[in-house]
Amino acid sequence: MAHKKSKHKPKIEDLIAGEEKREEIKRRLYAGDPIVGEGGIFTDMLQAMVNASLEGEMDNHLQTSKEGSGQGDNRRNGYTNKKVKSRVGSFQVNTPRDRKGDYEPQLIGKWDRELGSGMDEVILSLYARGQSQEDVRRQLRELYGVDVSSGTISAVTDRIWPEINQWQQRPLAACYPVVYLDAIHYKVREEAKVNTKAVYSVYGITAEGQRDILGIYLYEAEGSRHWGLILEDLRRRGVEEIFYFCVDGLKGFKEVIEHVYPRAHVQRCIVHMVRNSTRYVSYKHLKSVCSDLRRVYTSADRQQAWNALEEFGQKWDATYPEIRKKWEANWDDLMHFMDYTEALRRILYTTNPVEALHRIMRKVTKTKGAWSSDKGLMKQLYMTLMHNQKSWQKKAFKWTAIQRELIEEFGERYEKYLQ
């Protein structure tokens with residue numbers, strides 16, 4: 001029986017030429033010297049490989065020049081020294097020169113100060129995780145031995161602006177069966193003052209059930225007028241049909257929605273309503289009040305829910321008469337989700353999906369006191385969302401069952417948008 005020929009396993013002699021260099025690397029490894037960073041073992045090896053590659057480039061250039069002209073009058077003419085940044089640390093590069101001056105180095109160009117474009121990706125990744133410019137500088141110094149100025153970091157992150165503008169203006173799908181609207185607030189410095197501003201989030205579900213962020217918008221404060229402008233922007237970008245808007249209790253919300261999308265249904269968030277209803281409830285009654293309200297919005301249908309609300313009133317009207325009045329005044333908008341099965345109810349009754357999106361945004365921004373500008377805030381929020389796409393860009397739960405219900409409810413209005 002023939003034995004398989006074993007593969008030759010590389011030895012250190014195959015990887016590193018020169019006995020003196022090999023012994024030095026082994027000595028430093030056993031001594032526990034740093035692997036990367038300025039002066040690190042691998043950084044020194046990379047420096048040697050880069051300089052050797054440039055020497056090879058020059059040899060090839062001189063040989064090609066000699067073969068092309070038939071003359072060997074061009075030759076080496078010393079070196080140009082410069083410091084180059086890399087993902088494993090900074091190191092010295094000695095670029096050969098030729099007498100005619102027509103050699104153009106390929107590995108690292110004459111004016112380049114970085115090996116490859118990896119450092120930009122590292123800066124953007126750290127920034128997307130909520131790091132400030134000073135945090136990014138410190139991390140680059142500690143991890144890679146690279147000292148990068150705040151101006152350089154700002155310039156790198158500013159390159160993302162064309163992408164942000166393109167994303168904010170991109171055409172949207174014609175139909176989003178469900179859209180969640182909500183705002184989150186941040187502090188921004190302006191003219192020696194710190195102002196609170198509202199970031200408006202539009203988070204939707206496509207006709208195929210895929211969740212997507214339609215846009216984020218920055219305004220001075222939250223108000224129905226601004227939401228009206230945002231809805232007009234959605235229509236301008238191609239959104240023809242929205243079946244359900246899930247919103248909180250902002251005054252005038254329903255009116256601006258009906259003005260732009262008159263055929264859409266507005267579902268008031270049950271979770272927001274419970275919070276507002278129990279804001280002034282005594283702590284000793286809170287658990288019991290919440291439990292009784294839960295019987296209302298978990299009922300089998302509207303009639304059963306109305307009966308549960310009447311029972312709630314009989315028990316609590318003497319102590320908290322305003323709670324039942326609030327629910328009765330907003331009954332139609334609160335109970336719209338009751339007309340559907342469990343799968344569709346689950347995604348309609350609350351704005352929790354967009355609040356989950358806001359938790360992603362807060363996670364990386366919670367340590368910030370205030371942003372230096374609107375631009376800085378929007379830049380970091382966009383990069384954070386793109387960095388965490390897997391968290392929010394996923395299919396809605398039980399969408400196949402929901403689709404059947406949407407087809408039954410809306411027929412051709414929905415079916416024409418299916419792929």
# chains A, B, ... in the order shown; residues from 1 in each chain; ligands from 1
$ residues_around --residues "Cys290 in chain A" --least-positions-apart "4" --cutoff "8 Å" --atoms "only C-alpha atoms" --output "PyMOL selection string"
chain A and resi 274+278+286+294
$ write_last_selection --atoms "N, CA and C atoms" --output "compact mmCIF listing (two decimals), in the first residue's frame"
# COMPACT_ATOMS: atom_id res chain seq x y z
N VAL A 274 -49.97 53.12 27.69
CA VAL A 274 -49.90 52.61 29.07
C VAL A 274 -48.97 53.48 29.90
N THR A 278 -50.20 55.73 33.21
CA THR A 278 -49.75 55.39 34.58
C THR A 278 -48.71 56.37 35.11
N LEU A 286 -49.58 50.74 41.04
CA LEU A 286 -49.06 50.66 39.66
C LEU A 286 -49.20 49.26 39.07
N ARG A 294 -53.85 45.71 30.89
CA ARG A 294 -53.40 44.62 30.01
C ARG A 294 -54.60 43.77 29.57
$ residues_around --residues "Ile360 in chain A" --least-positions-apart "4" --cutoff "12 Å" --atoms "only C-alpha atoms" --output "PyMOL selection string"
chain A and resi 128-130+184+353-356+364-366+381-392
$ residues_around --residues "Arg113 in chain A" --least-positions-apart "2" --cutoff "9 Å" --atoms "only C-alpha atoms" --output "list in words"
Lys82, Lys83, Val84, Lys85, Ser86, Ile108, Gly109, Lys110, Trp111 and Leu115 of chain A
$ residues_around --residues "Ser53 in chain A" --least-positions-apart "4" --cutoff "12 Å" --atoms "only C-alpha atoms" --output "ChimeraX atom specification"
/A:46-49,57-60,93-96,105-108
$ write_last_selection --atoms "C-alpha atoms" --output "PDB file, in the first residue's frame"
ATOM      1  CA  LEU A  46       7.177  44.214   7.206  1.00  0.00           C
ATOM      2  CA  GLN A  47       9.681  47.064   6.919  1.00  0.00           C
ATOM      3  CA  ALA A  48      12.339  44.652   5.672  1.00  0.00           C
ATOM      4  CA  MET A  49       9.918  43.088   3.151  1.00  0.00           C
ATOM      5  CA  GLU A  57      11.238  47.148  -8.341  1.00  0.00           C
ATOM      6  CA  MET A  58      14.333  49.264  -9.029  1.00  0.00           C
ATOM      7  CA  ASP A  59      16.299  46.279 -10.371  1.00  0.00           C
ATOM      8  CA  ASN A  60      13.428  45.480 -12.745  1.00  0.00           C
ATOM      9  CA  VAL A  93      10.924  53.130   4.029  1.00  0.00           C
ATOM     10  CA  ASN A  94      14.002  53.640   1.864  1.00  0.00           C
ATOM     11  CA  THR A  95      12.797  54.243  -1.694  1.00  0.00           C
ATOM     12  CA  PRO A  96      15.564  53.828  -4.316  1.00  0.00           C
ATOM     13  CA  PRO A 105       7.565  53.079  -7.131  1.00  0.00           C
ATOM     14  CA  GLN A 106       4.472  50.868  -7.299  1.00  0.00           C
ATOM     15  CA  LEU A 107       4.185  49.432  -3.790  1.00  0.00           C
ATOM     16  CA  ILE A 108       4.215  52.832  -2.085  1.00  0.00           C
TER      17      ILE A 108
END
$ closest_atom_pairs --of "range 324-396 of chain A" --to "range 402-409 of chain A" --cutoff "12 Å" --atoms "only C-alpha atoms" --output "CSV"
residue,atom,partner,partner_atom,distance
A:Asp339,CA,A:Glu409,CA,10.3
A:Tyr340,CA,A:Glu405,CA,7.9
A:Thr341,CA,A:Glu405,CA,8.1
A:Glu342,CA,A:Ile402,CA,9.2
A:Ala343,CA,A:Ile402,CA,6.2
A:Leu344,CA,A:Ile402,CA,5.7
A:Arg345,CA,A:Ile402,CA,9.4
A:Arg346,CA,A:Ile402,CA,10.1
A:Ile347,CA,A:Ile402,CA,9.6
A:Leu348,CA,A:Ile402,CA,11.1
A:Lys395,CA,A:Ile402,CA,11.9
A:Ala396,CA,A:Ile402,CA,9.2
$ select_by_dssp --residues "range 9-247 of chain A" --states "helix (DSSP H, G or I)" --output "ChimeraX atom specification"
/A:12-15,19-31,41-69,118-128,133-144,150-158,161-169,224-236
$ atom_distance --atom1 "CA of Ile160 in chain A" --atom2 "CA of Gln139 in chain A"
20.7 Å
$ atom_distance --atom1 "CA of Ile123 in chain A" --atom2 "CA of Tyr217 in chain A"
24.8 Å
$ closest_residue --among "A:Asp233, A:Phe243, A:Arg137, A:Phe312" --to "Phe410 in chain A" --atoms "only C-alpha atoms"
A:Phe243
$ select_by_dssp --residues "range 117-351 of chain A" --states "strand (DSSP E or B)" --output "ChimeraX atom specification"
/A:175-190,193-205,210-219,241-247,265-268
$ closest_residue --among "A:Arg28, A:Asn307, A:Tyr176, A:Val188" --to "Tyr414 in chain A" --atoms "only C-alpha atoms"
A:Tyr176
$ closest_atom_pairs --of "range 326-401 of chain A" --to "range 264-267 of chain A" --cutoff "8 Å" --atoms "only C-alpha atoms" --output "JSON lines"
{"residue": "A:Asp333", "atom": "CA", "partner": "A:Gln267", "partner_atom": "CA", "distance": 5.2}
{"residue": "A:Leu334", "atom": "CA", "partner": "A:Gln267", "partner_atom": "CA", "distance": 6.1}
{"residue": "A:Met335", "atom": "CA", "partner": "A:Gln267", "partner_atom": "CA", "distance": 7.7}
{"residue": "A:His336", "atom": "CA", "partner": "A:Gln267", "partner_atom": "CA", "distance": 6.1}
{"residue": "A:Phe337", "atom": "CA", "partner": "A:Gln267", "partner_atom": "CA", "distance": 7.0}
{"residue": "A:Leu348", "atom": "CA", "partner": "A:Gln267", "partner_atom": "CA", "distance": 6.8}
{"residue": "A:Tyr349", "atom": "CA", "partner": "A:Gln267", "partner_atom": "CA", "distance": 6.9}
$ write_last_selection --atoms "C-alpha atoms" --output "short mmCIF file (atom, residue, chain, number, x, y, z; two decimals), in the first residue's frame"
data_model
loop_
_atom_site.label_atom_id
_atom_site.label_comp_id
_atom_site.auth_asym_id
_atom_site.auth_seq_id
_atom_site.Cartn_x
_atom_site.Cartn_y
_atom_site.Cartn_z
CA ASP A 333 -56.70 54.56 17.01
CA LEU A 334 -55.75 52.32 19.93
CA MET A 335 -57.91 49.36 18.97
CA HIS A 336 -57.30 49.21 15.22
CA PHE A 337 -54.91 46.26 15.64
CA LEU A 348 -48.88 46.76 14.82
CA TYR A 349 -49.69 47.37 18.47
#
$ atom_distance --atom1 "CA of Asp73 in chain A" --atom2 "CA of Lys100 in chain A"
9.0 Å
$ closest_residue --among "A:Leu293, A:Trp161, A:Pro321, A:Pro171" --to "Ala308 in chain A" --atoms "only C-alpha atoms"
A:Leu293
